[in-house]
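Student: This is the structure I want to talk about, given as structure tokens.
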Amino acid sequence: MTPDEKYLNRPKRQAMLPFCPPDIGPEEIDEVVDSLRSGWITTGPKVAKFEQELAAYVGAKHAMMLNSATSGLFLCLKALGIGPGDEVITTPYTFAASVNVILHAGARPVLADVRKDDFNIDPELIARAITPKTRAVIPVHYAGRSCDMDAIGALAKKHNLTVIEDAAHAIGTEYRGKKTGSISRFTVFSFHAVKNVTTGEGGAVSTDDTAMAEKIKVMSLHGMNKDAWKRYAPGGKVQYDIVYPGYKFNMTDLQAGLGIHQLRKIEQTLEKRRAIAARYRAGLEDIPGLTLPGEDPQGRNCWHLYPLLLDLENLSIDRNQVIELLKQENVSSNVHYTPVHLFSYAKEFLGYKPGDFPNAEWLGERELTLPFYNRLSDDDIDDVIAAVRKVMTTNRTAH
């Protein structure tokens, strides 16, 4: 039986397959219930434990838990004193948060285009974007594949820049034998609901810089030199000082209870995701007009997303129409991403326009993300494959 015969004769799904629900197990639920029963539900001992275990996992001296990766990126910039008159280089092919935080800090975002083969920022274009005003670079690891950190690190060293890795997609990613989180001065993780490790909402910063770790910790909770757990723990003193006009970016013990067990299962999670990626490849690789993601030759892909690239030149429909046709087959899909410079605010506040970053725009027109999460069954995956094959086969341009 040919692949087309196997999949095209498959009955349509009866119910919509969701795009990416979280994988929450009994251990996480029990830990959250334990926090509720303990009476300590804000920042406390479980946040501290999660910080210790994340630092140990990524190979960093410190990890600071926060309410989002966005807060983490922002605090790194503020801790460095980056603000008006400064420039920070990042990619246009990312979620808006990577750019928004630079604006919130008062600095100017400078975008450098990506490479088509891995969606990641091109170090050669970073080099061209550096000016005397450049203070930092925020490389974004797309979909679980690492940026070229050797090249980016060399540029940063040459020009005295700080690297702040946006690893929202990259917990468990490895680059040349090192885990993301142990390479640059700062790395920022996301624990949003769709991430490989989730706390519902949440994030963290990892670093080996003890002084900066303390500064970020203080800034994240109103500038207080002691959080409530330290004040009310045995032997603690209730008095505290405000040493900085800080923010309210702390994580709670309820969130950390989820994260502790999610992190302990991360290697098992990555194996599941690698197996799902392999099954997708086996079912899709012979379809003309599709480019599939692969393993990372520089290290380990943590498989946060499964992004396809459509050969629009050989299809009679565009990417958005493909999404609608998949929906008619009861298969959800998504887009990662619309390039940031094409949004209204980027045109208005940053002066960018269509055509400024051609690789990002080319990817943004063609990228389609398939459902990708731990609890996908083999039948679910085969339903997705069948739907993609049907849509691609029936809408291919005849030659």
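Ligands are numbered from 1 in the order shown, residues from 1 within each chain, and chains are lettered A, B, ... in the order they appear in the structure tokens.
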Within 10 Å of stretch 171-181 of chain A, which residues of stretch 57-89 of chain A come that close, and what is the closest atom pair and distance in Å for each? Count only C-alpha atoms and give it as a Markdown table.
Tutor:
```
| residue | atom | partner | partner_atom | distance |
| --- | --- | --- | --- | --- |
| A:Tyr57 | CA | A:Lys179 | CA | 8.4 |
| A:Val58 | CA | A:Gly181 | CA | 5.3 |
| A:Gly59 | CA | A:Gly181 | CA | 7.0 |
| A:Ala60 | CA | A:Gly181 | CA | 6.6 |
| A:His62 | CA | A:Gly181 | CA | 10.0 |
| A:Ala63 | CA | A:Gly181 | CA | 9.2 |
```
Student: Please write the residues from the selection above to a file, keeping N, CA and C atoms, as a short mmCIF file (atom, residue, chain, number, x, y, z; two decimals), in the first residue's frame.
Tutor:
```
data_model
loop_
_atom_site.label_atom_id
_atom_site.label_comp_id
_atom_site.auth_asym_id
_atom_site.auth_seq_id
_atom_site.Cartn_x
_atom_site.Cartn_y
_atom_site.Cartn_z
N TYR A 57 19.74 21.79 36.40
CA TYR A 57 19.45 21.14 35.12
C TYR A 57 20.18 21.81 33.96
N VAL A 58 20.16 23.14 33.92
CA VAL A 58 20.79 23.83 32.78
C VAL A 58 22.29 24.02 32.98
N GLY A 59 22.79 23.86 34.20
CA GLY A 59 24.21 24.03 34.45
C GLY A 59 24.62 25.46 34.72
N ALA A 60 23.73 26.22 35.38
CA ALA A 60 24.03 27.60 35.75
C ALA A 60 24.13 27.72 37.27
N HIS A 62 22.79 30.22 39.00
CA HIS A 62 21.59 30.83 39.55
C HIS A 62 20.43 30.71 38.56
N ALA A 63 19.21 30.60 39.11
CA ALA A 63 18.00 30.73 38.32
C ALA A 63 17.00 31.52 39.15
#
```
Student: Have a look at A:Thr338, A:Ala360, A:Ile183, A:Asp311 and name the one nearest to A:Lys61; count only C-alpha atoms.
Tutor: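 So, comparing all the options, the nearest one is A:Ile183.
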Student: For stretch 72-78 of chain A, find every residue with an atom within 8 Å (counting only C-alpha atoms), except residues of its own chain fewer than 4 positions away, and show them as a list in words.
Tutor: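 These residues fall inside the cut-off: Leu66, Ser68, Ile82, Gly83, Ser98, Val101, Ile102, His104, Ala105, Ile164, Asp166, Phe186, Val188, Phe189, Gly203, Ala204, Val205, Ile216, Met219 and Ser220 of chain A.
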Student: Output the selection as a JSON list (two decimals), in the first residue's frame - N, CA and C atoms for each residue.
Tutor:
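Generated output (part27.json):
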```json
[["chain", "number", "residue", "atom", "x", "y", "z"],
["A", 66, "LEU", "N", 10.14, 33.87, 37.68],
["A", 66, "LEU", "CA", 9.38, 35.09, 37.43],
["A", 66, "LEU", "C", 8.00, 34.73, 36.90],
["A", 68, "SER", "N", 6.81, 35.60, 33.97],
["A", 68, "SER", "CA", 6.82, 35.39, 32.52],
["A", 68, "SER", "C", 8.24, 35.54, 31.99],
["A", 82, "ILE", "N", 20.34, 49.33, 30.54],
["A", 82, "ILE", "CA", 20.04, 49.67, 29.15],
["A", 82, "ILE", "C", 18.78, 50.51, 29.11],
["A", 83, "GLY", "N", 18.82, 51.61, 28.36],
["A", 83, "GLY", "CA", 17.68, 52.52, 28.31],
["A", 83, "GLY", "C", 17.79, 53.48, 27.15],
["A", 98, "SER", "N", 9.81, 39.76, 22.37],
["A", 98, "SER", "CA", 11.26, 39.93, 22.24],
["A", 98, "SER", "C", 11.62, 41.36, 21.87],
["A", 101, "VAL", "N", 10.01, 44.31, 24.92],
["A", 101, "VAL", "CA", 10.77, 44.57, 26.15],
["A", 101, "VAL", "C", 11.85, 45.61, 25.92],
["A", 102, "ILE", "N", 12.40, 45.64, 24.73],
["A", 102, "ILE", "CA", 13.43, 46.65, 24.41],
["A", 102, "ILE", "C", 12.81, 48.04, 24.43],
["A", 104, "HIS", "N", 10.08, 48.87, 26.09],
["A", 104, "HIS", "CA", 9.70, 49.16, 27.48],
["A", 104, "HIS", "C", 10.89, 49.64, 28.30],
["A", 105, "ALA", "N", 12.07, 49.14, 27.97],
["A", 105, "ALA", "CA", 13.28, 49.59, 28.67],
["A", 105, "ALA", "C", 13.72, 50.98, 28.23],
["A", 164, "ILE", "N", 21.72, 38.12, 25.70],
["A", 164, "ILE", "CA", 20.57, 37.69, 26.50],
["A", 164, "ILE", "C", 19.80, 36.71, 25.62],
["A", 166, "ASP", "N", 16.98, 34.51, 24.32],
["A", 166, "ASP", "CA", 15.54, 34.27, 24.45],
["A", 166, "ASP", "C", 15.32, 32.79, 24.16],
["A", 186, "PHE", "N", 23.14, 35.77, 30.20],
["A", 186, "PHE", "CA", 21.75, 35.59, 30.64],
["A", 186, "PHE", "C", 21.03, 34.68, 29.65],
["A", 188, "VAL", "N", 16.84, 33.37, 29.16],
["A", 188, "VAL", "CA", 15.47, 33.56, 29.65],
["A", 188, "VAL", "C", 14.58, 32.45, 29.10],
["A", 189, "PHE", "N", 13.88, 31.77, 30.01],
["A", 189, "PHE", "CA", 12.98, 30.67, 29.65],
["A", 189, "PHE", "C", 11.52, 31.08, 29.87],
["A", 203, "GLY", "N", 8.13, 32.23, 33.94],
["A", 203, "GLY", "CA", 9.40, 32.31, 33.25],
["A", 203, "GLY", "C", 10.55, 32.28, 34.23],
["A", 204, "ALA", "N", 11.77, 32.32, 33.71],
["A", 204, "ALA", "CA", 12.96, 32.30, 34.57],
["A", 204, "ALA", "C", 14.13, 32.89, 33.83],
["A", 205, "VAL", "N", 15.10, 33.38, 34.60],
["A", 205, "VAL", "CA", 16.39, 33.82, 34.08],
["A", 205, "VAL", "C", 17.46, 32.95, 34.70],
["A", 216, "ILE", "N", 18.44, 41.12, 39.85],
["A", 216, "ILE", "CA", 17.19, 40.73, 39.19],
["A", 216, "ILE", "C", 16.18, 40.25, 40.23],
["A", 219, "MET", "N", 14.80, 43.31, 41.99],
["A", 219, "MET", "CA", 13.97, 44.11, 41.08],
["A", 219, "MET", "C", 12.63, 43.44, 40.80],
["A", 220, "SER", "N", 12.59, 42.11, 40.86],
["A", 220, "SER", "CA", 11.37, 41.38, 40.49],
["A", 220, "SER", "C", 10.26, 41.50, 41.51]]
```
Student: Given only C-alpha atoms as the basis, pick out the residue of A:Ala48, A:Val331, A:Val32, A:Ala97 nearest to A:Met16.
Tutor: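 The closest residue to A:Met16 is A:Val331.
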Student: Among stretch 218-350 of chain A, which ones does DSSP place in strand (DSSP E), written as a PDB file with C-alpha atoms, in the first residue's frame?
Tutor:
```pdb
ATOM      1  CA  LEU A 290       6.746  20.438   1.986  1.00  0.00           C
ATOM      2  CA  THR A 291       9.938  21.226   3.882  1.00  0.00           C
ATOM      3  CA  GLY A 299      23.315  19.928  19.082  1.00  0.00           C
ATOM      4  CA  ARG A 300      19.914  18.831  20.372  1.00  0.00           C
ATOM      5  CA  PRO A 307       6.895  23.930  11.715  1.00  0.00           C
ATOM      6  CA  LEU A 308       6.308  23.034   8.059  1.00  0.00           C
ATOM      7  CA  LEU A 309       7.278  25.214   5.116  1.00  0.00           C
ATOM      8  CA  LEU A 310       4.870  25.175   2.177  1.00  0.00           C
TER       9      LEU A 310
END
```
Student: Given only C-alpha atoms as the basis, pick out the residue of A:Asp383, A:Glu87, A:Glu214, A:Glu51 nearest to A:Leu17.
Tutor: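 Closest candidate: A:Asp383.
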Student: Name the residues of stretch 252-332 of chain A that fall into helix (DSSP H, G or I) according to DSSP on the backbone, using the chain letters and numbers of this document, as number ranges by chain.
Tutor: A: 253-264, 266-284, 312-314, 319-328
Student: Given the choices A:Phe249, A:Tyr352, A:Thr269, A:Asp148, which gets closest to A:Asp23 if the distance is worked out from only C-alpha atoms?
Tutor: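 Using only C-alpha atoms, A:Asp23 sits closest to A:Thr269.
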Student: Skipping near chain neighbours, those fewer than 4 positions away, what residues fall within 10 Å of A:Phe343 using only C-alpha atoms, listed as a list in words?
Tutor: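 Using only C-alpha atoms, the neighbours found are Ala96, Thr338, Pro339, Lys347, Glu348, Tyr352, Lys353 and Pro354 of chain A.
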Student: Save the residues we just selected, C-alpha atoms, as an mmCIF file, in the first residue's frame?
Tutor:
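result.cif written:
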```
data_model
loop_
_atom_site.group_PDB
_atom_site.id
_atom_site.type_symbol
_atom_site.label_atom_id
_atom_site.label_comp_id
_atom_site.auth_asym_id
_atom_site.auth_seq_id
_atom_site.Cartn_x
_atom_site.Cartn_y
_atom_site.Cartn_z
ATOM 1 C CA ALA A 96 6.380 40.460 19.783
ATOM 2 C CA THR A 338 4.045 36.928 11.465
ATOM 3 C CA PRO A 339 7.346 38.856 11.347
ATOM 4 C CA LYS A 347 5.897 50.475 11.282
ATOM 5 C CA GLU A 348 4.747 53.421 13.411
ATOM 6 C CA TYR A 352 10.243 49.375 9.417
ATOM 7 C CA LYS A 353 8.332 48.419 6.267
ATOM 8 C CA PRO A 354 7.592 45.360 4.135
#
```
Student: Closest to A:Leu368 among A:Ala387, A:Val140, A:Val322, A:Met392, using only C-alpha atoms?
Tutor: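 Looking at the shortest contact to A:Leu368, the residue is A:Val322.
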